[in-house]
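S.K.: Input: one structure, supplied below.
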Amino acid sequence: MQENRLFDFYPKTQLVESSYEPIFQKNDYNDYSGTQYKFSENLISSWEDVRQNSDIELKLFGKTFFLPFDFKELVAEINASKYILDLEKGWDGEDAEPYNTHTWEKVIEFLIGMYLTSVRIFDVIPDFPKIYHGPDGTIDILWEKSDYHILVNCPKDEDKQVFFYGENSKKDSFKGSFCMTDNYHSLLMILVGIKKCGI
């Protein structure tokens, strides 16, 4: 199937190493629209040191994201994925077009929103993915763990569907699609379920 072939798009030797240099700031958690997140009391209590002393201020495309220190690996992957924006015309040795900055921005904003939603609603931080260039101007988000893998292919056009495919170590598979601007809950529920219950 086409979904299976997507996992072969990146040879292991092409994986990008992440580097991370956090900027710490004392702030409450905010989403990208500036609305303050309301955490449950037990979450606020357990993350009080993070809230007061070690939030990460991530500035991207004219917006500022305030993230808990526990998101440092996600921030590292976001920074590493900026290589996508440096791919020039013909980067594949043929006639591939450069990647659209707007597409990358929307993928990053989508990821940050999904992880903040997971913490706010479920008190769970799912495993963090890698972010790569995909075929035909798309961007791929890849969770590749010892017991499962999930590939999400994000289109370059906002009005098109995001497709995901996953498989666990028992060869149980799942797939689905959603519109990035409307509903990512099917993917989020899978990631939360994996983190809380395993596979």
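If you're wondering about the labels, chains in the structure tokens are A, B, ... by order shown, residues count from 1 in each chain, ligands from 1 in order shown.
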Report as a list in words all protein, DNA and RNA residues lying within 9 Å of Glu144 of chain A, evaluated on only C-alpha atoms, omitting residues in the same chain fewer than 5 positions from it.
M.R.: Pro129, Lys130, His149, Ile150 and Leu151 of chain A
S.K.: Near segment 78-85 of chain A, within 12 Å and counting only C-alpha atoms, which residues show up once chain neighbours fewer than 5 positions away are dropped, as JSON, numbers by chain?
M.R.: {"A": [15, 16, 17, 18, 19, 20, 21, 22, 58, 59, 60, 61, 71, 72, 73, 91, 97, 98, 99, 100, 101, 102, 103, 104, 105, 107, 108, 109, 110, 111, 112, 128, 129, 130, 131, 132, 133, 134, 135, 137, 138, 139, 140, 141, 142]}
S.K.: Kindly indicate which residue among A:Lys196, A:Arg120, A:Met114, A:Phe69 lies nearest to Thr181 of chain A, using only C-alpha atoms for the distances.
M.R.: A:Met114
S.K.: Assign secondary structure with DSSP using the backbone only, and return the residues of segment 38-195 of chain A in strand (DSSP E or B) as a ChimeraX atom specification.
M.R.: /A:55-60,63-67,130-133,139-144,148-154,162-168,173-178
S.K.: Write to file, as a short mmCIF file (atom, residue, chain, number, x, y, z; two decimals), in the first residue's frame, the residues of the selection just made, with C-alpha atoms.
M.R.:
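Result saved to part07.cif:
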```cif
data_model
loop_
_atom_site.label_atom_id
_atom_site.label_comp_id
_atom_site.auth_asym_id
_atom_site.auth_seq_id
_atom_site.Cartn_x
_atom_site.Cartn_y
_atom_site.Cartn_z
CA ASP A 55 9.58 27.85 30.66
CA ILE A 56 10.90 27.91 27.11
CA GLU A 57 10.18 30.94 24.98
CA LEU A 58 10.14 29.83 21.36
CA LYS A 59 9.92 32.60 18.76
CA LEU A 60 8.89 31.52 15.28
CA LYS A 63 4.69 34.48 17.10
CA THR A 64 5.94 33.58 20.57
CA PHE A 65 5.18 30.19 22.11
CA PHE A 66 5.60 29.67 25.85
CA LEU A 67 6.26 25.99 26.47
CA LYS A 130 10.89 13.86 14.11
CA ILE A 131 9.96 16.35 11.37
CA TYR A 132 11.15 15.82 7.79
CA HIS A 133 10.57 17.01 4.25
CA ILE A 139 6.01 17.65 5.34
CA ASP A 140 6.20 14.42 7.32
CA ILE A 141 5.97 13.94 11.08
CA LEU A 142 7.43 10.63 12.17
CA TRP A 143 7.22 8.77 15.47
CA GLU A 144 9.67 5.88 15.19
CA TYR A 148 5.45 1.49 17.32
CA HIS A 149 5.79 3.92 14.47
CA ILE A 150 3.42 6.52 13.08
CA LEU A 151 3.85 8.61 9.96
CA VAL A 152 1.78 11.76 9.41
CA ASN A 153 1.95 13.35 5.97
CA CYS A 154 0.95 17.04 5.97
CA VAL A 162 -3.61 15.17 6.56
CA PHE A 163 -3.05 11.40 6.32
CA PHE A 164 -1.50 9.18 8.98
CA TYR A 165 -0.55 5.54 9.16
CA GLY A 166 0.83 3.56 12.07
CA GLU A 167 1.86 0.11 13.13
CA ASN A 168 2.92 -1.47 16.41
CA SER A 173 -1.97 -1.20 11.97
CA PHE A 174 -4.18 1.86 11.92
CA LYS A 175 -4.67 4.81 9.62
CA GLY A 176 -6.80 7.89 9.26
CA SER A 177 -7.10 11.42 7.98
CA PHE A 178 -8.16 14.80 9.27
#
```
S.K.: Hey, which of A:Gly93, A:Asp70, A:Asp159, A:Asn183 ends up closest to Ile125 of chain A? Count only C-alpha atoms.
M.R.: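 Among A:Gly93, A:Asp70, A:Asp159, A:Asn183, it is A:Asp70 that comes nearest to Ile125 of chain A.
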S.K.: Could you check the closest approach to Leu74 of chain A for each of A:Met180, A:His185, A:Gly90, A:Pro126 and tell me which residue wins, using only C-alpha atoms?
M.R.: A:Pro126
S.K.: To one decimal place in Å, what is the distance between atom CA of Asp147 of chain A and atom CA of Asp172 of chain A?
M.R.: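 Interatomic distance here is 11.0 Å.
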S.K.: Please identify the helix (DSSP H, G or I) residues within segment 49-106 of chain A (assignment by DSSP from backbone atoms) and present them as number ranges by chain.
M.R.: A: 49-53, 69-86, 101-106
S.K.: Between atom CA of Leu116 of chain A and atom CA of Pro68 of chain A, what is the distance, to one decimal in Å?
M.R.: 9.2 Å
